[in-house]
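Here is the file work27.cif (mmCIF, N, CA and C atoms).
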data_upload
loop_
_atom_site.label_atom_id
_atom_site.label_comp_id
_atom_site.auth_asym_id
_atom_site.auth_seq_id
_atom_site.Cartn_x
_atom_site.Cartn_y
_atom_site.Cartn_z
N MET A 1 -7.15 1.39 -8.56
CA MET A 1 -5.82 1.03 -9.00
C MET A 1 -5.29 -0.09 -8.10
N THR A 2 -4.72 -1.11 -8.70
CA THR A 2 -4.22 -2.24 -7.92
C THR A 2 -2.79 -1.98 -7.47
N GLU A 3 -2.46 -2.63 -6.37
CA GLU A 3 -1.10 -2.54 -5.85
C GLU A 3 -0.15 -3.31 -6.77
N PRO A 4 1.06 -2.81 -6.97
CA PRO A 4 2.02 -3.57 -7.78
C PRO A 4 2.40 -4.86 -7.06
N LYS A 5 2.61 -5.91 -7.84
CA LYS A 5 3.01 -7.19 -7.24
C LYS A 5 4.50 -7.13 -6.95
N ARG A 6 4.84 -7.27 -5.71
CA ARG A 6 6.24 -7.22 -5.29
C ARG A 6 6.84 -8.61 -5.41
N MET A 7 7.99 -8.71 -6.04
CA MET A 7 8.67 -9.99 -6.19
C MET A 7 10.02 -9.90 -5.48
N ILE A 8 10.43 -11.02 -4.93
CA ILE A 8 11.71 -11.08 -4.21
C ILE A 8 12.46 -12.31 -4.67
N ALA A 9 13.75 -12.15 -4.87
CA ALA A 9 14.65 -13.27 -5.10
C ALA A 9 15.81 -13.11 -4.14
N ALA A 10 16.40 -14.22 -3.74
CA ALA A 10 17.55 -14.18 -2.84
C ALA A 10 18.63 -15.09 -3.40
N LEU A 11 19.86 -14.66 -3.32
CA LEU A 11 21.01 -15.44 -3.79
C LEU A 11 21.98 -15.68 -2.64
N ASP A 12 22.51 -16.88 -2.60
CA ASP A 12 23.56 -17.21 -1.65
C ASP A 12 24.84 -17.51 -2.42
N TRP A 13 25.92 -16.92 -1.98
CA TRP A 13 27.23 -17.19 -2.55
C TRP A 13 27.64 -18.59 -2.15
N THR A 14 28.11 -19.42 -3.10
CA THR A 14 28.54 -20.77 -2.77
C THR A 14 30.05 -20.91 -2.82
N LYS A 15 30.69 -20.26 -3.80
CA LYS A 15 32.15 -20.24 -3.90
C LYS A 15 32.54 -19.34 -5.07
N ALA A 16 33.73 -18.85 -5.06
CA ALA A 16 34.27 -18.03 -6.15
C ALA A 16 33.18 -17.11 -6.71
N MET A 17 32.83 -17.27 -7.99
CA MET A 17 31.82 -16.42 -8.64
C MET A 17 30.47 -17.13 -8.73
N CYS A 18 30.25 -18.16 -7.91
CA CYS A 18 29.05 -19.00 -8.00
C CYS A 18 28.02 -18.64 -6.93
N PHE A 19 26.76 -18.65 -7.36
CA PHE A 19 25.64 -18.33 -6.48
C PHE A 19 24.49 -19.28 -6.77
N THR A 20 23.67 -19.51 -5.75
CA THR A 20 22.44 -20.28 -5.91
C THR A 20 21.33 -19.45 -5.34
N GLY A 21 20.20 -19.43 -6.04
CA GLY A 21 19.11 -18.63 -5.53
C GLY A 21 17.85 -18.77 -6.32
N GLY A 22 16.89 -17.96 -5.94
CA GLY A 22 15.58 -17.93 -6.57
C GLY A 22 14.59 -17.31 -5.61
N LYS A 23 13.33 -17.59 -5.84
CA LYS A 23 12.28 -17.11 -4.94
C LYS A 23 12.42 -17.87 -3.63
N PRO A 24 12.46 -17.18 -2.49
CA PRO A 24 12.57 -17.89 -1.22
C PRO A 24 11.49 -18.96 -1.08
N GLY A 25 11.92 -20.19 -0.79
CA GLY A 25 11.01 -21.30 -0.65
C GLY A 25 10.61 -21.94 -1.97
N GLY A 26 11.10 -21.40 -3.09
CA GLY A 26 10.74 -21.92 -4.41
C GLY A 26 11.92 -22.64 -5.04
N PRO A 27 11.75 -23.04 -6.28
CA PRO A 27 12.86 -23.71 -7.00
C PRO A 27 14.08 -22.80 -7.06
N GLN A 28 15.24 -23.42 -7.06
CA GLN A 28 16.49 -22.67 -7.06
C GLN A 28 17.24 -22.87 -8.38
N LEU A 29 18.07 -21.90 -8.72
CA LEU A 29 18.93 -22.01 -9.89
C LEU A 29 20.33 -21.59 -9.50
N SER A 30 21.28 -22.01 -10.31
CA SER A 30 22.68 -21.66 -10.07
C SER A 30 23.15 -20.69 -11.13
N LEU A 31 24.01 -19.77 -10.71
CA LEU A 31 24.64 -18.82 -11.61
C LEU A 31 26.13 -18.80 -11.33
N ASP A 32 26.92 -18.62 -12.37
CA ASP A 32 28.37 -18.53 -12.24
C ASP A 32 28.83 -17.32 -13.04
N GLY A 33 29.36 -16.33 -12.35
CA GLY A 33 29.84 -15.12 -13.01
C GLY A 33 30.83 -15.40 -14.11
N ASP A 34 31.55 -16.52 -14.02
CA ASP A 34 32.50 -16.91 -15.06
C ASP A 34 31.88 -17.82 -16.11
N GLY A 35 30.66 -18.29 -15.89
CA GLY A 35 29.98 -19.16 -16.84
C GLY A 35 30.61 -20.53 -16.99
N VAL A 36 31.30 -21.02 -15.96
CA VAL A 36 31.97 -22.32 -16.03
C VAL A 36 31.10 -23.43 -15.43
N GLU A 37 30.66 -23.24 -14.20
CA GLU A 37 29.89 -24.29 -13.51
C GLU A 37 28.38 -24.13 -13.65
N ALA A 38 27.96 -23.00 -14.15
CA ALA A 38 26.52 -22.72 -14.37
C ALA A 38 26.46 -21.57 -15.37
N PRO A 39 25.27 -21.29 -15.90
CA PRO A 39 25.17 -20.16 -16.80
C PRO A 39 25.59 -18.86 -16.10
N SER A 40 26.18 -17.95 -16.87
CA SER A 40 26.52 -16.64 -16.33
C SER A 40 25.23 -15.82 -16.20
N PRO A 41 25.23 -14.78 -15.40
CA PRO A 41 24.03 -13.96 -15.28
C PRO A 41 23.56 -13.40 -16.62
N ILE A 42 24.47 -13.05 -17.52
CA ILE A 42 24.06 -12.48 -18.80
C ILE A 42 23.43 -13.55 -19.70
N VAL A 43 23.93 -14.79 -19.63
CA VAL A 43 23.28 -15.89 -20.37
C VAL A 43 21.93 -16.20 -19.73
N ALA A 44 21.86 -16.12 -18.41
CA ALA A 44 20.58 -16.34 -17.73
C ALA A 44 19.55 -15.29 -18.16
N LEU A 45 20.01 -14.06 -18.40
CA LEU A 45 19.10 -13.02 -18.89
C LEU A 45 18.56 -13.39 -20.27
N LEU A 46 19.42 -13.88 -21.15
CA LEU A 46 18.95 -14.32 -22.46
C LEU A 46 17.95 -15.47 -22.32
N CYS A 47 18.27 -16.42 -21.43
CA CYS A 47 17.34 -17.54 -21.19
C CYS A 47 16.01 -17.04 -20.64
N ALA A 48 16.06 -16.05 -19.76
CA ALA A 48 14.82 -15.49 -19.22
C ALA A 48 14.00 -14.84 -20.34
N CYS A 49 14.66 -14.15 -21.25
CA CYS A 49 13.96 -13.56 -22.40
C CYS A 49 13.28 -14.66 -23.22
N ALA A 50 14.03 -15.71 -23.53
CA ALA A 50 13.50 -16.81 -24.34
C ALA A 50 12.40 -17.56 -23.61
N GLY A 51 12.56 -17.79 -22.33
CA GLY A 51 11.54 -18.50 -21.55
C GLY A 51 10.25 -17.71 -21.44
N CYS A 52 10.37 -16.41 -21.24
CA CYS A 52 9.20 -15.56 -21.12
C CYS A 52 8.45 -15.48 -22.44
N THR A 53 9.16 -15.22 -23.53
CA THR A 53 8.49 -15.16 -24.83
C THR A 53 7.94 -16.53 -25.19
N GLY A 54 8.68 -17.58 -24.87
CA GLY A 54 8.23 -18.93 -25.18
C GLY A 54 6.91 -19.26 -24.51
N ALA A 55 6.79 -18.90 -23.24
CA ALA A 55 5.55 -19.16 -22.51
C ALA A 55 4.39 -18.38 -23.13
N ASP A 56 4.65 -17.11 -23.47
CA ASP A 56 3.61 -16.30 -24.11
C ASP A 56 3.18 -16.91 -25.44
N ILE A 57 4.15 -17.22 -26.28
CA ILE A 57 3.87 -17.74 -27.62
C ILE A 57 3.10 -19.05 -27.53
N TYR A 58 3.56 -19.95 -26.67
CA TYR A 58 2.85 -21.23 -26.48
C TYR A 58 1.40 -20.98 -26.09
N SER A 59 1.20 -20.10 -25.12
CA SER A 59 -0.15 -19.82 -24.63
C SER A 59 -1.03 -19.22 -25.74
N ILE A 60 -0.50 -18.30 -26.50
CA ILE A 60 -1.26 -17.67 -27.58
C ILE A 60 -1.65 -18.71 -28.63
N LEU A 61 -0.69 -19.55 -29.03
CA LEU A 61 -0.98 -20.57 -30.04
C LEU A 61 -1.95 -21.63 -29.51
N GLU A 62 -1.82 -21.97 -28.24
CA GLU A 62 -2.73 -22.94 -27.64
C GLU A 62 -4.17 -22.42 -27.66
N LYS A 63 -4.34 -21.12 -27.38
CA LYS A 63 -5.67 -20.52 -27.41
C LYS A 63 -6.25 -20.54 -28.82
N LYS A 64 -5.38 -20.57 -29.83
CA LYS A 64 -5.84 -20.67 -31.22
C LYS A 64 -6.02 -22.13 -31.64
N ARG A 65 -5.90 -23.03 -30.67
CA ARG A 65 -6.06 -24.48 -30.87
C ARG A 65 -5.01 -25.06 -31.82
N ILE A 66 -3.83 -24.46 -31.78
CA ILE A 66 -2.70 -24.98 -32.56
C ILE A 66 -1.90 -25.89 -31.64
N LYS A 67 -1.67 -27.11 -32.09
CA LYS A 67 -0.96 -28.09 -31.29
C LYS A 67 0.50 -28.15 -31.76
N LEU A 68 1.40 -27.58 -30.98
CA LEU A 68 2.81 -27.59 -31.34
C LEU A 68 3.41 -28.98 -31.17
N THR A 69 4.25 -29.36 -32.11
CA THR A 69 5.01 -30.60 -31.99
C THR A 69 6.49 -30.30 -31.80
N ARG A 70 6.90 -29.09 -32.10
CA ARG A 70 8.28 -28.62 -31.88
C ARG A 70 8.24 -27.12 -31.72
N PHE A 71 9.01 -26.65 -30.74
CA PHE A 71 9.15 -25.21 -30.52
C PHE A 71 10.53 -25.00 -29.93
N HIS A 72 11.42 -24.43 -30.71
CA HIS A 72 12.81 -24.21 -30.31
C HIS A 72 13.11 -22.72 -30.44
N THR A 73 13.75 -22.16 -29.45
CA THR A 73 14.12 -20.75 -29.50
C THR A 73 15.62 -20.61 -29.33
N GLU A 74 16.21 -19.89 -30.24
CA GLU A 74 17.62 -19.49 -30.12
C GLU A 74 17.60 -17.99 -29.89
N VAL A 75 18.35 -17.54 -28.90
CA VAL A 75 18.38 -16.12 -28.58
C VAL A 75 19.84 -15.70 -28.41
N GLY A 76 20.17 -14.53 -28.87
CA GLY A 76 21.53 -14.02 -28.74
C GLY A 76 21.50 -12.51 -28.68
N GLY A 77 22.65 -11.96 -28.47
CA GLY A 77 22.74 -10.51 -28.41
C GLY A 77 24.15 -10.03 -28.60
N ASN A 78 24.26 -8.79 -28.93
CA ASN A 78 25.57 -8.12 -29.02
C ASN A 78 25.70 -7.22 -27.81
N ARG A 79 26.94 -7.21 -27.27
CA ARG A 79 27.20 -6.43 -26.06
C ARG A 79 28.27 -5.39 -26.32
N ARG A 80 28.25 -4.35 -25.53
CA ARG A 80 29.29 -3.32 -25.58
C ARG A 80 30.63 -3.93 -25.20
N GLU A 81 31.69 -3.41 -25.76
CA GLU A 81 33.05 -3.83 -25.39
C GLU A 81 33.44 -3.25 -24.03
N ASP A 82 33.00 -2.03 -23.75
CA ASP A 82 33.35 -1.33 -22.51
C ASP A 82 32.26 -1.51 -21.47
N TYR A 83 32.62 -1.27 -20.22
CA TYR A 83 31.67 -1.36 -19.12
C TYR A 83 30.78 -0.13 -19.09
N PRO A 84 29.52 -0.31 -18.79
CA PRO A 84 28.85 -1.58 -18.54
C PRO A 84 28.66 -2.35 -19.85
N ARG A 85 28.94 -3.64 -19.83
CA ARG A 85 28.90 -4.47 -21.05
C ARG A 85 27.47 -4.95 -21.30
N ARG A 86 26.57 -4.00 -21.39
CA ARG A 86 25.16 -4.31 -21.57
C ARG A 86 24.87 -4.69 -23.02
N PHE A 87 23.71 -5.27 -23.22
CA PHE A 87 23.31 -5.62 -24.57
C PHE A 87 23.01 -4.35 -25.37
N THR A 88 23.46 -4.35 -26.61
CA THR A 88 23.13 -3.26 -27.53
C THR A 88 22.08 -3.73 -28.54
N GLU A 89 21.86 -5.02 -28.62
CA GLU A 89 20.77 -5.58 -29.41
C GLU A 89 20.56 -7.03 -28.97
N ILE A 90 19.35 -7.50 -29.18
CA ILE A 90 18.99 -8.89 -28.88
C ILE A 90 18.21 -9.42 -30.08
N TRP A 91 18.48 -10.68 -30.44
CA TRP A 91 17.78 -11.29 -31.57
C TRP A 91 17.29 -12.68 -31.19
N PHE A 92 16.23 -13.08 -31.86
CA PHE A 92 15.62 -14.40 -31.65
C PHE A 92 15.45 -15.12 -32.99
N ARG A 93 15.55 -16.44 -32.94
CA ARG A 93 15.12 -17.30 -34.04
C ARG A 93 14.19 -18.34 -33.42
N PHE A 94 12.92 -18.28 -33.81
CA PHE A 94 11.90 -19.20 -33.32
C PHE A 94 11.66 -20.26 -34.40
N THR A 95 11.79 -21.52 -34.02
CA THR A 95 11.53 -22.62 -34.95
C THR A 95 10.32 -23.40 -34.44
N PHE A 96 9.35 -23.56 -35.33
CA PHE A 96 8.08 -24.19 -34.96
C PHE A 96 7.74 -25.35 -35.88
N ALA A 97 6.97 -26.27 -35.37
CA ALA A 97 6.24 -27.26 -36.16
C ALA A 97 4.99 -27.57 -35.37
N GLY A 98 3.90 -27.85 -36.08
CA GLY A 98 2.68 -28.18 -35.36
C GLY A 98 1.49 -28.34 -36.26
N GLU A 99 0.48 -28.94 -35.69
CA GLU A 99 -0.77 -29.18 -36.41
C GLU A 99 -1.57 -27.88 -36.47
N GLY A 100 -1.93 -27.46 -37.68
CA GLY A 100 -2.71 -26.25 -37.85
C GLY A 100 -1.89 -24.97 -37.78
N LEU A 101 -0.58 -25.09 -37.68
CA LEU A 101 0.28 -23.92 -37.55
C LEU A 101 0.49 -23.26 -38.91
N THR A 102 0.29 -21.95 -38.96
CA THR A 102 0.59 -21.18 -40.16
C THR A 102 1.66 -20.15 -39.82
N GLU A 103 2.35 -19.68 -40.83
CA GLU A 103 3.35 -18.64 -40.60
C GLU A 103 2.69 -17.39 -40.00
N GLU A 104 1.50 -17.06 -40.48
CA GLU A 104 0.78 -15.89 -39.98
C GLU A 104 0.48 -16.03 -38.48
N ALA A 105 0.02 -17.20 -38.05
CA ALA A 105 -0.29 -17.42 -36.63
C ALA A 105 0.97 -17.33 -35.78
N ALA A 106 2.05 -17.94 -36.24
CA ALA A 106 3.32 -17.89 -35.50
C ALA A 106 3.82 -16.45 -35.41
N ARG A 107 3.78 -15.74 -36.53
CA ARG A 107 4.26 -14.35 -36.57
C ARG A 107 3.45 -13.48 -35.61
N ARG A 108 2.14 -13.65 -35.60
CA ARG A 108 1.29 -12.83 -34.73
C ARG A 108 1.56 -13.15 -33.26
N ALA A 109 1.76 -14.42 -32.94
CA ALA A 109 2.05 -14.80 -31.55
C ALA A 109 3.37 -14.18 -31.09
N VAL A 110 4.39 -14.20 -31.94
CA VAL A 110 5.67 -13.60 -31.60
C VAL A 110 5.51 -12.09 -31.40
N GLU A 111 4.82 -11.44 -32.31
CA GLU A 111 4.62 -9.99 -32.19
C GLU A 111 3.91 -9.63 -30.89
N LEU A 112 2.84 -10.35 -30.57
CA LEU A 112 2.11 -10.07 -29.33
C LEU A 112 3.01 -10.24 -28.11
N SER A 113 3.81 -11.31 -28.10
CA SER A 113 4.69 -11.53 -26.96
C SER A 113 5.70 -10.40 -26.81
N LEU A 114 6.43 -10.13 -27.87
CA LEU A 114 7.52 -9.17 -27.79
C LEU A 114 7.06 -7.72 -27.61
N GLU A 115 5.87 -7.40 -28.10
CA GLU A 115 5.41 -6.02 -28.04
C GLU A 115 4.44 -5.73 -26.90
N LYS A 116 3.80 -6.79 -26.35
CA LYS A 116 2.74 -6.55 -25.38
C LYS A 116 2.83 -7.35 -24.09
N TYR A 117 3.25 -8.62 -24.17
CA TYR A 117 3.11 -9.50 -23.01
C TYR A 117 4.39 -9.88 -22.28
N CYS A 118 5.52 -9.97 -22.93
CA CYS A 118 6.72 -10.51 -22.28
C CYS A 118 7.27 -9.54 -21.23
N SER A 119 7.08 -9.90 -19.98
CA SER A 119 7.52 -9.04 -18.87
C SER A 119 9.03 -8.84 -18.86
N VAL A 120 9.78 -9.86 -19.25
CA VAL A 120 11.24 -9.74 -19.23
C VAL A 120 11.70 -8.76 -20.30
N ILE A 121 11.27 -8.96 -21.53
CA ILE A 121 11.66 -8.06 -22.62
C ILE A 121 11.23 -6.63 -22.32
N LEU A 122 10.01 -6.48 -21.85
CA LEU A 122 9.49 -5.14 -21.59
C LEU A 122 10.10 -4.49 -20.35
N SER A 123 10.88 -5.25 -19.57
CA SER A 123 11.61 -4.69 -18.44
C SER A 123 13.00 -4.18 -18.83
N LEU A 124 13.44 -4.54 -20.03
CA LEU A 124 14.75 -4.09 -20.50
C LEU A 124 14.68 -2.64 -20.98
N ASN A 125 15.84 -2.01 -21.09
CA ASN A 125 15.91 -0.65 -21.61
C ASN A 125 15.29 -0.63 -23.01
N PRO A 126 14.35 0.27 -23.26
CA PRO A 126 13.69 0.28 -24.57
C PRO A 126 14.59 0.68 -25.73
N ASP A 127 15.80 1.14 -25.45
CA ASP A 127 16.70 1.49 -26.56
C ASP A 127 17.42 0.26 -27.14
N ILE A 128 17.17 -0.92 -26.56
CA ILE A 128 17.80 -2.15 -27.08
C ILE A 128 16.92 -2.69 -28.21
N PRO A 129 17.43 -2.68 -29.45
CA PRO A 129 16.63 -3.22 -30.54
C PRO A 129 16.45 -4.74 -30.38
N ILE A 130 15.23 -5.19 -30.62
CA ILE A 130 14.90 -6.61 -30.57
C ILE A 130 14.49 -7.02 -31.99
N THR A 131 15.23 -7.97 -32.56
CA THR A 131 14.88 -8.46 -33.89
C THR A 131 14.57 -9.95 -33.78
N TRP A 132 13.86 -10.47 -34.77
CA TRP A 132 13.48 -11.87 -34.70
C TRP A 132 13.14 -12.40 -36.08
N GLU A 133 13.19 -13.73 -36.16
CA GLU A 133 12.76 -14.42 -37.36
C GLU A 133 12.08 -15.72 -36.93
N ILE A 134 11.24 -16.23 -37.81
CA ILE A 134 10.61 -17.51 -37.53
C ILE A 134 10.93 -18.49 -38.64
N VAL A 135 10.99 -19.75 -38.25
CA VAL A 135 11.19 -20.85 -39.19
C VAL A 135 10.07 -21.84 -38.91
N ILE A 136 9.35 -22.22 -39.95
CA ILE A 136 8.28 -23.21 -39.83
C ILE A 136 8.78 -24.49 -40.47
N GLU A 137 8.82 -25.56 -39.70
CA GLU A 137 9.24 -26.85 -40.22
C GLU A 137 8.01 -27.69 -40.58
N ALA A 138 8.19 -28.53 -41.56
CA ALA A 138 7.07 -29.40 -41.97
C ALA A 138 6.92 -30.56 -41.02
#

Starting from the coordinates I provided, produce the structure as structure tokens.
Amino acid sequence: MTEPKRMIAALDWTKAMCFTGGKPGGPQLSLDGDGVEAPSPIVALLCACAGCTGADIYSILEKKRIKLTRFHTEVGGNRREDYPRRFTEIWFRFTFAGEGLTEEAARRAVELSLEKYCSVILSLNPDIPITWEIVIEA
């Protein structure tokens, strides 16, 4: 059995509700609890979901020798009104165009990412429904 990979992130408060951080010694990002000067942590979570699935989907399609010419992801969610204001559902719209791309290949790549590979999605509470749709552009 292998040891779990331990990950660390560190944040520094810069002012008001603003923080800068990331992996120590690595690239840094900014967060703003009010979402004014940088994305809020909850928007950053949505971006992390989209970035993780995007990387998986790209990799899966690349292995199938599909050359993407466009790949756009829109992600959103509904949140509770009361605290904790966690997501009660998350949805995706994946828009693709590419050489050799079929709806079946895109659908399978999305399914594999969301059900098997995306570390971010699979780290969320499993009671959060995840829905998605794909759009194939000519």

Considering all atoms listed in the file, state which residue in the set A:Val120, A:Ile60, A:Ala138, A:Ala16 is at the smallest distance from A:Ala105. A:Ile60

Restricting the calculation to only C-alpha atoms: of A:Gly76, A:Gly54, A:Arg85, A:Ile90, which residue gets closest to A:Tyr117?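 Selected residue with least distance to A:Tyr117: A:Gly54.
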
Can you work out which one of A:Met17, A:Val43, A:Val135, A:Met7 has the shortest atom-to-atom distance to A:Leu31, counting only N, CA and C atoms?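 Of the candidates, the smallest distance to A:Leu31 is held by A:Met17.
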
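Taking atom CA of A:Thr73 and atom N of A:Leu11 as the two end points, the separation is 27.5 Å.
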
As JSON: centre and edge lengths in Å, one decimal, of the axis-aligned box holding stretch 16-27 of chain A with 3 Å per side:
{"center_x": 22.4, "center_y": -20.1, "center_z": -4.7, "size_x": 29.7, "size_y": 13.3, "size_z": 14.1}

DSSP alpha helix (DSSP H) residues within stretch 6-128 of chain A, as a ChimeraX atom specification: /A:41-63,103-112,119-123

What does the distance from atom N of A:Ala55 to atom CA of A:Ile128 come to in Å, to one decimal?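 Going from atom N of A:Ala55 over to atom CA of A:Ile128 covers 20.4 Å.
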
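If you apply the PyMOL selection byres ((chain A and resi 8) around 6) to this structure, you end up with Arg6, Met7, Ala9, Ala10, Gly22, Lys23 and Pro24 of chain A.
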
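If only C-alpha atoms are the atoms counted, then among A:Ser59, A:Ser40, A:Thr2, A:Thr131 the closest residue to A:Leu114 is A:Thr131.
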
Mind giving me the straight-line distance from atom C of A:Cys52 to atom C of A:Cys118 in Å, one decimal?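 One can read the atom C of A:Cys52 to atom C of A:Cys118 distance as 6.2 Å.
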
Given the PyMOL selection byres (((chain A and resi 92-102 and name CA) around 12) and name CA), the residues it picks as an MDAnalysis selection string: chainID A and resid 46:47 49:51 53:54 57:58 60:62 64:77 89:91 103:111 114 121 129:138

Looking only at strand (DSSP E) from DSSP on the backbone, list the matching residues of stretch 5-87 of chain A as JSON, numbers by chain. {"A": [10, 11, 12, 13, 14, 15, 18, 19, 20, 21, 22, 28, 29, 30, 31, 32, 67, 68, 69, 70, 71, 72, 73, 74, 75, 76, 77, 78, 79, 87]}

Using only N, CA and C atoms, can you tell me which of A:Glu37, A:Asp82, A:Asp32, A:Asp56 comes closest to A:Leu112?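 Using only N, CA and C atoms, the shortest distance to A:Leu112 belongs to A:Asp56.
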
On this structure, which residues satisfy the PyMOL selection byres ((chain A and resi 30) around 6), written as a PDB file with N, CA and C atoms, in the frame of the given file?
ATOM      1  N   PHE A  19      26.760 -18.650  -7.360  1.00  0.00           N
ATOM      2  CA  PHE A  19      25.640 -18.330  -6.480  1.00  0.00           C
ATOM      3  C   PHE A  19      24.490 -19.280  -6.770  1.00  0.00           C
ATOM      4  N   THR A  20      23.670 -19.510  -5.750  1.00  0.00           N
ATOM      5  CA  THR A  20      22.440 -20.280  -5.910  1.00  0.00           C
ATOM      6  C   THR A  20      21.330 -19.450  -5.340  1.00  0.00           C
ATOM      7  N   GLY A  21      20.200 -19.430  -6.040  1.00  0.00           N
ATOM      8  CA  GLY A  21      19.110 -18.630  -5.530  1.00  0.00           C
ATOM      9  C   GLY A  21      17.850 -18.770  -6.320  1.00  0.00           C
ATOM     10  N   GLN A  28      15.240 -23.420  -7.060  1.00  0.00           N
ATOM     11  CA  GLN A  28      16.490 -22.670  -7.060  1.00  0.00           C
ATOM     12  C   GLN A  28      17.240 -22.870  -8.380  1.00  0.00           C
ATOM     13  N   LEU A  29      18.070 -21.900  -8.720  1.00  0.00           N
ATOM     14  CA  LEU A  29      18.930 -22.010  -9.890  1.00  0.00           C
ATOM     15  C   LEU A  29      20.330 -21.590  -9.500  1.00  0.00           C
ATOM     16  N   LEU A  31      24.010 -19.770 -10.710  1.00  0.00           N
ATOM     17  CA  LEU A  31      24.640 -18.820 -11.610  1.00  0.00           C
ATOM     18  C   LEU A  31      26.130 -18.800 -11.330  1.00  0.00           C
ATOM     19  N   ASP A  32      26.920 -18.620 -12.370  1.00  0.00           N
ATOM     20  CA  ASP A  32      28.370 -18.530 -12.240  1.00  0.00           C
ATOM     21  C   ASP A  32      28.830 -17.320 -13.040  1.00  0.00           C
ATOM     22  N   ALA A  38      27.960 -23.000 -14.150  1.00  0.00           N
ATOM     23  CA  ALA A  38      26.520 -22.720 -14.370  1.00  0.00           C
ATOM     24  C   ALA A  38      26.460 -21.570 -15.370  1.00  0.00           C
ATOM     25  N   PRO A  39      25.270 -21.290 -15.900  1.00  0.00           N
ATOM     26  CA  PRO A  39      25.170 -20.160 -16.800  1.00  0.00           C
ATOM     27  C   PRO A  39      25.590 -18.860 -16.100  1.00  0.00           C
TER      28      PRO A  39
END

Grab stretch 71-99 of chain A from that structure and dump C-alpha atoms to a file, as a compact mmCIF listing (two decimals), in the first residue's frame.
# COMPACT_ATOMS: atom_id res chain seq x y z
CA PHE A 71 -12.99 23.76 -25.35
CA HIS A 72 -15.05 26.04 -23.10
CA THR A 73 -16.51 25.10 -19.74
CA GLU A 74 -19.23 26.95 -17.90
CA VAL A 75 -19.83 25.77 -14.35
CA GLY A 76 -22.37 26.92 -11.79
CA GLY A 77 -24.16 25.80 -8.72
CA ASN A 78 -27.01 26.45 -6.37
CA ARG A 79 -26.25 27.21 -2.75
CA ARG A 80 -28.20 27.03 0.48
CA GLU A 81 -29.70 30.30 1.73
CA ASP A 82 -28.68 29.52 5.32
CA TYR A 83 -25.25 28.82 6.75
CA PRO A 84 -23.32 26.87 5.86
CA ARG A 85 -24.06 28.21 2.36
CA ARG A 86 -22.69 25.12 0.68
CA PHE A 87 -23.53 23.95 -2.79
CA THR A 88 -26.68 21.87 -3.10
CA GLU A 89 -25.99 21.12 -6.76
CA ILE A 90 -23.34 21.82 -9.38
CA TRP A 91 -23.82 21.87 -13.15
CA PHE A 92 -21.52 22.05 -16.16
CA ARG A 93 -21.90 23.00 -19.81
CA PHE A 94 -18.98 21.78 -21.92
CA THR A 95 -18.63 23.27 -25.40
CA PHE A 96 -16.29 21.54 -27.82
CA ALA A 97 -15.03 21.76 -31.37
CA GLY A 98 -12.28 19.69 -32.90
CA GLU A 99 -10.97 17.43 -35.57
